[in-house]
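See structure below.
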Amino acid sequence: MDQPKIERLLRLIKLLTGNVNYTVDEIARKLEMSRRTVYRYIDTLKSAGFVIRRVDDSFHMLKENHRLDDIDKLVHFSEEEGALVNRLIDGLDDTNMLKLNLRKKLAAVYNFTSLADCVVKKDSVTNTHELISAIEGRRQVVLRRYSSSNKGDVRDRVVEPFEFTTNYIQVWCYEPLTRMNKLFRVSRIGSVEVTDAAWEFESEHRSAKMDIFRTGGSEGKRVQLELGVMAKNLLLEEYPLAVRDLSPIPGTERWLLDTVVYRYEGVGRFVIGLANDIVIREGDGLKDYLREFVADHCKALF
């Protein structure tokens, strides 16, 4: 983020913590930016942990239990403190969403690249850094020897990377050849070559919505799963966001997961692995997916 953007963001914080509630149009006029940019900056503040309340078309920021004029004391770490914080966060499982949330909040203050060092596996560090560089510089890249599970092939892919997912595991890219936005798993990339070509299709860059099983798409499909104790425990350990869609079934030692998924691969893998402890209450599409999956794998086995 360059200096003018940082200055406008700080001015926005000052406006939102004042005694006056400003509308989006008033903020846009005072900071000389578009309404769209105002909303984007507000989302940035929210992702950094600030609590912002909206009343009609007006916004103000809640100070909660600390004063924002003391923010430098809250977010500044010495070198030793920073190293300790990184080790503690790094101790969390790579799939833990709490780890991602902590990283996002720190990323609002500290260098994007340095955070990646503490999250990605050693054999993916170089590729991750190249992708970060390409995103920051708005450059096209060549994903050398990308191994695709869907296509079952290994080949080079020319793409425009623009956004990482959980803990840098996957990266959203626009592929000019297919004119589609796709997710590429960083661990399947042989190497990343950042080219001199600038983004040509930025207006087409769109990441899909993600469900609790970390699969993305545009059309949601509701599923209800009845879970036993083992399935419930493993669900929360592997997919912490599931807690928002999980509730106990009265009078039993079972739980109901009522959620929306965008693809069946993620939830399907979970159900297959714990089939003896799960009952599908709702989700005909999921049942069809599992039947086809089992039929295909039975053919391969026999």
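So you can find residues: chains in the structure tokens are A, B, ... in the order shown, residues in each start at 1, and ligands are numbered from 1 in order.
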
Mind checking which residues fall within 7 Å of Val141 (chain A), counting only C-alpha atoms, ignoring those fewer than 5 positions away in the same chain, and posting them as a compact mmCIF listing (two decimals) with C-alpha atoms, in the first residue's frame?
# COMPACT_ATOMS: atom_id res chain seq x y z
CA VAL A 158 -0.15 -18.78 -18.00
CA VAL A 159 -2.28 -17.00 -15.39
CA GLU A 160 -2.89 -13.75 -13.54
CA VAL A 192 6.66 -19.88 -10.76
CA GLU A 193 8.01 -17.58 -13.48
CA VAL A 194 6.97 -13.95 -13.09
CA THR A 195 6.78 -12.37 -16.55

Among the residues of region 98-263 of chain A, find those DSSP assigns to strand (DSSP E or B) from the backbone and print them as a PyMOL selection string.
-> chain A and resi 139-148+153-164+170-175+180-185+191-198+209-210+216-217+221-227+246-248+255-261

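Across the structure, CA of Ile189 (chain A) and CA of Tyr146 (chain A) are spaced 4.6 Å apart.
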
Please report as CSV every residue of region 277-300 of chain A lying within 7 Å of region 255-272 of chain A, along with the nearest atom pair and their distance in Å (one decimal), using only C-alpha atoms.
residue,atom,partner,partner_atom,distance
A:Ile278,CA,A:Val271,CA,6.7
A:Leu286,CA,A:Tyr264,CA,6.1
A:Tyr289,CA,A:Tyr264,CA,7.0
A:Leu290,CA,A:Gly268,CA,6.5

Convert the current residue selection to file output with N, CA and C atoms, as a PDB file, in the first residue's frame.
ATOM      1  N   ILE A 278     -22.074 -40.833  10.477  1.00  0.00           N
ATOM      2  CA  ILE A 278     -22.789 -39.712   9.861  1.00  0.00           C
ATOM      3  C   ILE A 278     -24.035 -40.204   9.146  1.00  0.00           C
ATOM      4  N   LEU A 286     -25.703 -34.437  -2.740  1.00  0.00           N
ATOM      5  CA  LEU A 286     -24.564 -35.046  -2.069  1.00  0.00           C
ATOM      6  C   LEU A 286     -24.653 -36.566  -2.142  1.00  0.00           C
ATOM      7  N   TYR A 289     -23.633 -37.653  -5.552  1.00  0.00           N
ATOM      8  CA  TYR A 289     -22.173 -37.526  -5.699  1.00  0.00           C
ATOM      9  C   TYR A 289     -21.470 -38.716  -5.048  1.00  0.00           C
ATOM     10  N   LEU A 290     -21.906 -39.087  -3.843  1.00  0.00           N
ATOM     11  CA  LEU A 290     -21.272 -40.191  -3.123  1.00  0.00           C
ATOM     12  C   LEU A 290     -21.499 -41.524  -3.835  1.00  0.00           C
TER      13      LEU A 290
END

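Here CA of Ile169 (chain A) is placed at a distance of 25.4 Å from CA of Tyr41 (chain A).
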
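Closest approach to Asp43 (chain A) among A:Lys14, A:Leu9, A:Glu175, A:Ser187 is made by A:Leu9 (distances from only C-alpha atoms).
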
Quick one, how far is CA of Arg29 (chain A) from CA of Ser203 (chain A)?
-> 24.9 Å

Could you give me, as a VMD selection string, the residues within 7 Å of Ala231 (chain A), counting only C-alpha atoms and dropping anything in the same chain fewer than 2 positions from it?
-> chain A and resid 227 to 229 233 to 235 274 277 to 278

Include N, CA and C atoms and write out the residues we just selected as an mmCIF file, in the first residue's frame.
data_model
loop_
_atom_site.group_PDB
_atom_site.id
_atom_site.type_symbol
_atom_site.label_atom_id
_atom_site.label_comp_id
_atom_site.auth_asym_id
_atom_site.auth_seq_id
_atom_site.Cartn_x
_atom_site.Cartn_y
_atom_site.Cartn_z
ATOM 1 N N LEU A 227 -24.393 -35.965 13.047
ATOM 2 C CA LEU A 227 -23.058 -36.421 13.400
ATOM 3 C C LEU A 227 -23.014 -37.054 14.785
ATOM 4 N N GLY A 228 -22.217 -38.102 14.900
ATOM 5 C CA GLY A 228 -21.929 -38.665 16.203
ATOM 6 C C GLY A 228 -20.795 -37.900 16.857
ATOM 7 N N VAL A 229 -20.392 -38.330 18.039
ATOM 8 C CA VAL A 229 -19.356 -37.624 18.799
ATOM 9 C C VAL A 229 -18.043 -37.562 18.025
ATOM 10 N N ASN A 233 -16.317 -34.081 16.670
ATOM 11 C CA ASN A 233 -15.004 -33.654 17.143
ATOM 12 C C ASN A 233 -14.026 -33.452 15.993
ATOM 13 N N LEU A 234 -13.985 -34.395 15.067
ATOM 14 C CA LEU A 234 -13.071 -34.286 13.934
ATOM 15 C C LEU A 234 -13.449 -33.135 13.014
ATOM 16 N N LEU A 235 -14.746 -32.890 12.873
ATOM 17 C CA LEU A 235 -15.209 -31.770 12.055
ATOM 18 C C LEU A 235 -14.671 -30.447 12.596
ATOM 19 N N LEU A 274 -15.945 -40.867 7.440
ATOM 20 C CA LEU A 274 -16.618 -41.136 8.719
ATOM 21 C C LEU A 274 -18.039 -41.655 8.476
ATOM 22 N N ASP A 277 -20.441 -42.871 11.191
ATOM 23 C CA ASP A 277 -20.830 -41.956 12.262
ATOM 24 C C ASP A 277 -21.641 -40.771 11.745
ATOM 25 N N ILE A 278 -22.074 -40.833 10.477
ATOM 26 C CA ILE A 278 -22.789 -39.712 9.861
ATOM 27 C C ILE A 278 -24.035 -40.204 9.146
#

Name the residues of region 220-274 of chain A that fall into alpha helix (DSSP H) according to DSSP on the backbone, using the chain letters and numbers of this document, as number ranges by chain.
-> A: 229-238, 264-273
